[in-house]
Amino acid sequence: MPLVYAVISGFKSTGELTSNPFGLPERWKTGNYTGILGDGMFWRQIANSAGMALGTTVCTVAASAMAAFALARYAFRGRELFYMLFTIGLMFPFAVAVLPLFLLLRDFSLLDNPLGVILPQAAFGLPMTIIILRGFFRTVPAEIEEAAVMDGCGKFRFFWKILLPMARPALGTVSVLAIVASWNNFFLPLLVFNDPEWQTVPVDVQQFQGQYSTDYALVLAYIVLAMVPALAFYAVAERQLIGGLTAGATKG
């Protein structure tokens with residue numbers, strides 16, 4: 001209902017929204033939506049958010065898959081300690097590391113650089129991704145790996161050719177989580193980017209709200225259009241997300 005209310009309100013004028021907040025518009029004002037869709041900066045921000053979400057997902061899943069493979073399939077001294085260190089990462093929100101992270105990004109000249117968002121997002125996404133993938137990798141029977149080794153398959157080839165294809169549900173799940181987390185991230189892009197050309201959708205929603213604070217109908221139209229890509233992606237990926245979590249929970 002809040003989403004329906006926002007969509008309908010975006011077709012009203014601000015005056016009508018004040019006098020008739022819950023009814024249908026007397027005159028449908030499509031200009032609120034078409035004006036935003038015709039703005040090239042809006043599409044630039046959509047592309048920025050999508051590109052950073054994709055880059056974050058690739059880095060997170062690639063690094064986490066290799067770490068989870070070592071923590072799940074290799075027996076070495078300190079393995080559980082390393083795993084515990086990753087799980088401890090869940091206890092620290094991004095806000096705790098703002099100051100040292102800003103200084104680190106400045107020293108590496110990563111401010112106003114997409115990598116300044118992608119790499120920290122990937123780092124903060126590692127704990128949850130490793131936990132999910134390690135649990136899934138441990139459910140793969142050891143007999144499969146032994147049979148592959150007897151056929152001349154090395155560790156890396158087993159990981160790349162056999163384990164990853166078997167882990168597609170889990171990989172899909174962590175990919176969805178990484179994309180959604182990156183798309184919704186507001187604080188980190190606000191911290192890293194001063195150049196408007198690199199702004200992401202959540203940051204621009206806040207700035208648009210401040211710029212047009214008295215035009216409530218236009219602000220609602222902008223918020224609706226900013227939500228559409230995330231809602232569309234989640235509608236498509238919902239089955240993959242739930243299926244991956246279910247598969248990881250029921251194996252073994």
# chains A, B, ... in the order shown; residues from 1 in each chain; ligands from 1
>>> residues_around(residues="stretch 88-104 of chain A", least_positions_apart="2", cutoff="12 Å", atoms="only C-alpha atoms", output="compact mmCIF listing (two decimals) with N, CA, C and O atoms, in the first residue's frame")
# COMPACT_ATOMS: atom_id res chain seq x y z
N LEU A 81 40.30 -20.71 13.72
CA LEU A 81 40.61 -19.36 14.17
C LEU A 81 40.38 -18.36 13.04
O LEU A 81 39.79 -17.29 13.25
N PHE A 82 40.86 -18.71 11.83
CA PHE A 82 40.63 -17.85 10.69
C PHE A 82 39.13 -17.68 10.42
O PHE A 82 38.65 -16.57 10.13
N TYR A 83 38.41 -18.78 10.51
CA TYR A 83 36.97 -18.71 10.28
C TYR A 83 36.29 -17.83 11.34
O TYR A 83 35.39 -17.04 11.02
N MET A 84 36.75 -17.95 12.58
CA MET A 84 36.17 -17.13 13.65
C MET A 84 36.44 -15.65 13.40
O MET A 84 35.59 -14.80 13.66
N LEU A 85 37.62 -15.32 12.87
CA LEU A 85 37.95 -13.92 12.58
C LEU A 85 37.00 -13.35 11.53
O LEU A 85 36.58 -12.20 11.61
N PHE A 86 36.66 -14.18 10.53
CA PHE A 86 35.71 -13.72 9.53
C PHE A 86 34.33 -13.52 10.14
O PHE A 86 33.64 -12.53 9.85
N ARG A 106 42.00 7.89 1.15
CA ARG A 106 42.71 9.11 0.74
C ARG A 106 44.17 8.83 0.45
O ARG A 106 44.73 9.32 -0.54
N ASP A 107 44.80 8.01 1.30
CA ASP A 107 46.22 7.69 1.09
C ASP A 107 46.44 6.91 -0.20
O ASP A 107 47.49 7.04 -0.82
N PHE A 108 45.47 6.09 -0.59
CA PHE A 108 45.60 5.30 -1.82
C PHE A 108 44.97 5.99 -3.03
O PHE A 108 44.81 5.37 -4.08
N SER A 109 44.59 7.26 -2.87
CA SER A 109 44.00 8.06 -3.96
C SER A 109 42.75 7.40 -4.55
O SER A 109 42.58 7.35 -5.76
N LEU A 110 41.91 6.86 -3.66
CA LEU A 110 40.70 6.18 -4.10
C LEU A 110 39.43 7.00 -3.85
O LEU A 110 38.33 6.50 -4.05
N LEU A 111 39.58 8.25 -3.41
CA LEU A 111 38.42 9.13 -3.31
C LEU A 111 38.02 9.58 -4.71
O LEU A 111 38.88 9.81 -5.58
N ASP A 112 36.73 9.73 -4.93
CA ASP A 112 36.20 10.03 -6.26
C ASP A 112 36.64 8.98 -7.28
O ASP A 112 36.93 9.29 -8.44
N GLY A 116 37.03 2.98 -4.71
CA GLY A 116 36.90 3.38 -3.32
C GLY A 116 35.60 2.94 -2.68
O GLY A 116 35.49 2.88 -1.46
N VAL A 117 34.61 2.62 -3.50
CA VAL A 117 33.35 2.07 -3.01
C VAL A 117 33.32 0.55 -3.16
O VAL A 117 32.92 -0.18 -2.26
N LEU A 119 35.76 -1.81 -3.39
CA LEU A 119 36.64 -2.63 -2.54
C LEU A 119 36.17 -2.67 -1.08
O LEU A 119 36.11 -3.76 -0.49
N PRO A 120 35.82 -1.54 -0.44
CA PRO A 120 35.29 -1.64 0.94
C PRO A 120 33.98 -2.41 1.02
O PRO A 120 33.76 -3.17 1.97
N GLN A 121 33.09 -2.22 0.04
CA GLN A 121 31.85 -2.98 0.05
C GLN A 121 32.13 -4.47 -0.03
O GLN A 121 31.48 -5.28 0.66
N ALA A 122 33.07 -4.85 -0.89
CA ALA A 122 33.43 -6.27 -1.00
C ALA A 122 34.01 -6.78 0.31
O ALA A 122 33.69 -7.89 0.75
N ALA A 123 34.86 -5.97 0.96
CA ALA A 123 35.47 -6.39 2.22
C ALA A 123 34.41 -6.60 3.30
O ALA A 123 34.44 -7.58 4.04
N PHE A 124 33.46 -5.67 3.39
CA PHE A 124 32.42 -5.81 4.41
C PHE A 124 31.43 -6.91 4.06
O PHE A 124 30.70 -7.39 4.94
N GLY A 125 31.39 -7.34 2.80
CA GLY A 125 30.51 -8.43 2.41
C GLY A 125 31.12 -9.81 2.58
O GLY A 125 30.41 -10.82 2.48
N LEU A 126 32.43 -9.88 2.85
CA LEU A 126 33.10 -11.17 2.96
C LEU A 126 32.55 -12.06 4.08
O LEU A 126 32.33 -13.25 3.85
N PRO A 127 32.35 -11.55 5.30
CA PRO A 127 31.95 -12.46 6.39
C PRO A 127 30.69 -13.27 6.09
O PRO A 127 30.71 -14.50 6.19
N MET A 128 29.61 -12.60 5.72
CA MET A 128 28.36 -13.32 5.45
C MET A 128 28.51 -14.27 4.26
O MET A 128 28.02 -15.41 4.28
N THR A 129 29.21 -13.83 3.23
CA THR A 129 29.36 -14.67 2.04
C THR A 129 30.19 -15.91 2.34
O THR A 129 29.85 -17.02 1.90
N ILE A 130 31.25 -15.77 3.10
CA ILE A 130 32.09 -16.91 3.46
C ILE A 130 31.30 -17.90 4.32
O ILE A 130 31.41 -19.12 4.15
N ILE A 131 30.52 -17.39 5.25
CA ILE A 131 29.73 -18.27 6.11
C ILE A 131 28.76 -19.12 5.29
O ILE A 131 28.64 -20.34 5.48
N ASN A 185 23.45 0.90 -0.54
CA ASN A 185 24.46 1.56 0.28
C ASN A 185 24.41 3.08 0.06
O ASN A 185 24.51 3.56 -1.07
N PHE A 186 24.24 3.79 1.14
CA PHE A 186 24.16 5.26 1.07
C PHE A 186 25.40 5.93 1.65
O PHE A 186 25.96 6.85 1.06
N PHE A 187 25.86 5.44 2.79
CA PHE A 187 26.90 6.12 3.54
C PHE A 187 28.24 6.12 2.80
O PHE A 187 28.93 7.14 2.72
N LEU A 188 28.64 4.97 2.25
CA LEU A 188 29.96 4.86 1.63
C LEU A 188 30.07 5.73 0.37
O LEU A 188 31.05 6.48 0.24
N PRO A 189 29.13 5.67 -0.59
CA PRO A 189 29.24 6.60 -1.74
C PRO A 189 29.21 8.07 -1.31
O PRO A 189 29.89 8.90 -1.92
N LEU A 190 28.43 8.39 -0.28
CA LEU A 190 28.41 9.77 0.22
C LEU A 190 29.78 10.17 0.75
O LEU A 190 30.21 11.32 0.59
N LEU A 191 30.48 9.24 1.37
CA LEU A 191 31.81 9.50 1.93
C LEU A 191 32.87 9.63 0.84
O LEU A 191 33.75 10.49 0.93
N VAL A 192 32.77 8.81 -0.19
CA VAL A 192 33.85 8.70 -1.18
C VAL A 192 33.73 9.74 -2.30
O VAL A 192 34.74 10.31 -2.75
N PHE A 193 32.52 10.03 -2.75
CA PHE A 193 32.34 10.83 -3.96
C PHE A 193 31.98 12.28 -3.64
O PHE A 193 31.01 12.55 -2.94
>>> select_by_dssp(residues="stretch 179-234 of chain A", states="alpha helix (DSSP H)", output="number ranges by chain")
A: 179-184, 187-192, 201-211, 216-234
>>> closest_atom_pairs(of="stretch 180-211 of chain A", to="stretch 34-47 of chain A", cutoff="7 Å", atoms="only C-alpha atoms", output="tab-separated table")
residue	atom	partner	partner_atom	distance
A:Gln199	CA	A:Gln45	CA	5.9
A:Thr200	CA	A:Gln45	CA	4.9
A:Val201	CA	A:Gln45	CA	5.5
>>> residues_around(residues="stretch 53-63 of chain A", least_positions_apart="6", cutoff="6 Å", atoms="only C-alpha atoms", output="VMD selection string")
chain A and resid 118 122 175 178 to 179 182 to 183
>>> write_last_selection(atoms="N, CA and C atoms", output="mmCIF file, in the first residue's frame")
data_model
loop_
_atom_site.group_PDB
_atom_site.id
_atom_site.type_symbol
_atom_site.label_atom_id
_atom_site.label_comp_id
_atom_site.auth_asym_id
_atom_site.auth_seq_id
_atom_site.Cartn_x
_atom_site.Cartn_y
_atom_site.Cartn_z
ATOM 1 N N ILE A 118 33.781 0.061 -4.307
ATOM 2 C CA ILE A 118 33.698 -1.370 -4.610
ATOM 3 C C ILE A 118 34.517 -2.202 -3.624
ATOM 4 N N ALA A 122 33.073 -4.850 -0.885
ATOM 5 C CA ALA A 122 33.428 -6.267 -1.001
ATOM 6 C C ALA A 122 34.013 -6.779 0.308
ATOM 7 N N SER A 175 25.288 -13.753 -4.442
ATOM 8 C CA SER A 175 25.344 -12.695 -5.463
ATOM 9 C C SER A 175 24.177 -11.734 -5.303
ATOM 10 N N ALA A 178 24.803 -9.547 -2.285
ATOM 11 C CA ALA A 178 25.835 -8.535 -2.531
ATOM 12 C C ALA A 178 25.307 -7.398 -3.398
ATOM 13 N N ILE A 179 24.520 -7.739 -4.428
ATOM 14 C CA ILE A 179 23.978 -6.712 -5.311
ATOM 15 C C ILE A 179 23.021 -5.797 -4.557
ATOM 16 N N SER A 182 24.906 -3.521 -2.096
ATOM 17 C CA SER A 182 25.627 -2.449 -2.780
ATOM 18 C C SER A 182 24.660 -1.394 -3.309
ATOM 19 N N TRP A 183 23.550 -1.824 -3.891
ATOM 20 C CA TRP A 183 22.591 -0.876 -4.459
ATOM 21 C C TRP A 183 22.020 0.029 -3.367
#
>>> residues_around(residues="A:Ile223", least_positions_apart="4", cutoff="8 Å", atoms="only C-alpha atoms", output="JSON, numbers by chain")
{"A": [205, 219, 227]}
>>> write_last_selection(atoms="all heavy atoms", output="tab-separated table (two decimals), in the first residue's frame")
chain	number	residue	atom	x	y	z
A	205	VAL	N	18.86	10.46	-4.26
A	205	VAL	CA	17.51	10.56	-3.69
A	205	VAL	C	17.52	11.56	-2.54
A	205	VAL	O	16.63	12.42	-2.43
A	205	VAL	CB	17.02	9.18	-3.21
A	205	VAL	CG1	15.79	9.32	-2.33
A	205	VAL	CG2	16.69	8.29	-4.41
A	219	VAL	N	9.02	14.73	-5.59
A	219	VAL	CA	9.93	13.90	-4.78
A	219	VAL	C	9.43	12.46	-4.73
A	219	VAL	O	10.21	11.51	-4.87
A	219	VAL	CB	10.05	14.48	-3.36
A	219	VAL	CG1	10.77	13.50	-2.44
A	219	VAL	CG2	10.78	15.81	-3.39
A	227	MET	N	13.29	3.35	-6.98
A	227	MET	CA	13.06	2.02	-6.42
A	227	MET	C	12.84	0.96	-7.49
A	227	MET	O	13.03	-0.23	-7.24
A	227	MET	CB	11.84	2.05	-5.49
A	227	MET	CG	12.05	2.74	-4.18
A	227	MET	SD	10.69	2.42	-3.04
A	227	MET	CE	9.31	3.12	-3.94
>>> closest_atom_pairs(of="stretch 17-70 of chain A", to="stretch 149-168 of chain A", cutoff="9 Å", atoms="only C-alpha atoms", output="JSON lines")
{"residue": "A:Ala65", "atom": "CA", "partner": "A:Leu164", "partner_atom": "CA", "distance": 8.3}
{"residue": "A:Met66", "atom": "CA", "partner": "A:Phe159", "partner_atom": "CA", "distance": 8.5}
{"residue": "A:Phe69", "atom": "CA", "partner": "A:Phe159", "partner_atom": "CA", "distance": 7.6}
>>> residues_around(residues="A:Lys12", least_positions_apart="6", cutoff="9 Å", atoms="only C-alpha atoms", output="PyMOL selection string")
chain A and resi 24-30+32+217-218
>>> atom_distance(atom1="atom CA of A:Leu225", atom2="atom CA of A:Phe22")
20.0 Å
>>> decode(residues="stretch 108-122 of chain A", atoms="all heavy atoms", output="compact mmCIF listing (two decimals), in the first residue's frame")
# COMPACT_ATOMS: atom_id res chain seq x y z
N PHE A 108 45.47 6.09 -0.59
CA PHE A 108 45.60 5.30 -1.82
C PHE A 108 44.97 5.99 -3.03
O PHE A 108 44.81 5.37 -4.08
CB PHE A 108 44.95 3.92 -1.63
CG PHE A 108 45.80 2.95 -0.86
CD1 PHE A 108 45.66 2.82 0.51
CD2 PHE A 108 46.76 2.19 -1.50
CE1 PHE A 108 46.44 1.93 1.22
CE2 PHE A 108 47.55 1.30 -0.80
CZ PHE A 108 47.39 1.17 0.57
N SER A 109 44.59 7.26 -2.87
CA SER A 109 44.00 8.06 -3.96
C SER A 109 42.75 7.40 -4.55
O SER A 109 42.58 7.35 -5.76
CB SER A 109 45.04 8.30 -5.06
OG SER A 109 46.16 8.98 -4.56
N LEU A 110 41.91 6.86 -3.66
CA LEU A 110 40.70 6.18 -4.10
C LEU A 110 39.43 7.00 -3.85
O LEU A 110 38.33 6.50 -4.05
CB LEU A 110 40.57 4.83 -3.42
CG LEU A 110 41.59 3.77 -3.86
CD1 LEU A 110 41.40 2.49 -3.06
CD2 LEU A 110 41.47 3.49 -5.35
N LEU A 111 39.58 8.25 -3.41
CA LEU A 111 38.42 9.13 -3.31
C LEU A 111 38.02 9.58 -4.71
O LEU A 111 38.88 9.81 -5.58
CB LEU A 111 38.74 10.33 -2.42
CG LEU A 111 39.08 10.01 -0.96
CD1 LEU A 111 39.42 11.29 -0.21
CD2 LEU A 111 37.94 9.27 -0.27
N ASP A 112 36.73 9.73 -4.93
CA ASP A 112 36.20 10.03 -6.26
C ASP A 112 36.64 8.98 -7.28
O ASP A 112 36.93 9.29 -8.44
CB ASP A 112 36.62 11.43 -6.74
CG ASP A 112 35.72 12.52 -6.17
OD1 ASP A 112 34.52 12.26 -5.97
OD2 ASP A 112 36.23 13.62 -5.92
N ASN A 113 36.72 7.74 -6.81
CA ASN A 113 37.10 6.61 -7.65
C ASN A 113 36.15 5.46 -7.33
O ASN A 113 35.94 5.15 -6.15
CB ASN A 113 38.55 6.21 -7.34
CG ASN A 113 39.07 5.15 -8.29
OD1 ASN A 113 38.35 4.26 -8.72
ND2 ASN A 113 40.34 5.24 -8.62
N PRO A 114 35.54 4.82 -8.34
CA PRO A 114 34.61 3.71 -8.05
C PRO A 114 35.22 2.62 -7.19
O PRO A 114 34.52 1.97 -6.41
CB PRO A 114 34.23 3.20 -9.44
CG PRO A 114 34.48 4.33 -10.35
CD PRO A 114 35.63 5.10 -9.78
N LEU A 115 36.54 2.38 -7.34
CA LEU A 115 37.18 1.35 -6.52
C LEU A 115 37.13 1.70 -5.03
O LEU A 115 37.18 0.81 -4.19
CB LEU A 115 38.63 1.16 -6.95
CG LEU A 115 38.85 0.49 -8.32
CD1 LEU A 115 40.33 0.44 -8.65
CD2 LEU A 115 38.24 -0.90 -8.35
N GLY A 116 37.03 2.98 -4.71
CA GLY A 116 36.90 3.38 -3.32
C GLY A 116 35.60 2.94 -2.68
O GLY A 116 35.49 2.88 -1.46
N VAL A 117 34.61 2.62 -3.50
CA VAL A 117 33.35 2.07 -3.01
C VAL A 117 33.32 0.55 -3.16
O VAL A 117 32.92 -0.18 -2.26
CB VAL A 117 32.15 2.69 -3.77
CG1 VAL A 117 30.85 1.99 -3.42
CG2 VAL A 117 32.04 4.18 -3.43
N ILE A 118 33.78 0.06 -4.31
CA ILE A 118 33.70 -1.37 -4.61
C ILE A 118 34.52 -2.20 -3.62
O ILE A 118 34.02 -3.20 -3.08
CB ILE A 118 34.15 -1.63 -6.06
CG1 ILE A 118 33.14 -1.03 -7.04
CG2 ILE A 118 34.34 -3.13 -6.31
CD1 ILE A 118 33.59 -1.09 -8.49
N LEU A 119 35.76 -1.81 -3.39
CA LEU A 119 36.64 -2.63 -2.54
C LEU A 119 36.17 -2.67 -1.08
O LEU A 119 36.11 -3.76 -0.49
CB LEU A 119 38.08 -2.12 -2.64
CG LEU A 119 38.73 -2.27 -4.02
CD1 LEU A 119 40.15 -1.71 -4.02
CD2 LEU A 119 38.75 -3.72 -4.47
N PRO A 120 35.82 -1.54 -0.44
CA PRO A 120 35.29 -1.64 0.94
C PRO A 120 33.98 -2.41 1.02
O PRO A 120 33.76 -3.17 1.97
CB PRO A 120 35.11 -0.17 1.35
CG PRO A 120 36.07 0.58 0.50
CD PRO A 120 36.07 -0.14 -0.81
N GLN A 121 33.09 -2.22 0.04
CA GLN A 121 31.85 -2.98 0.05
C GLN A 121 32.13 -4.47 -0.03
O GLN A 121 31.48 -5.28 0.66
CB GLN A 121 30.95 -2.56 -1.11
CG GLN A 121 30.26 -1.23 -0.90
CD GLN A 121 29.29 -0.87 -2.02
OE1 GLN A 121 28.38 -0.09 -1.83
NE2 GLN A 121 29.50 -1.41 -3.18
N ALA A 122 33.07 -4.85 -0.89
CA ALA A 122 33.43 -6.27 -1.00
C ALA A 122 34.01 -6.78 0.31
O ALA A 122 33.69 -7.89 0.75
CB ALA A 122 34.42 -6.46 -2.14
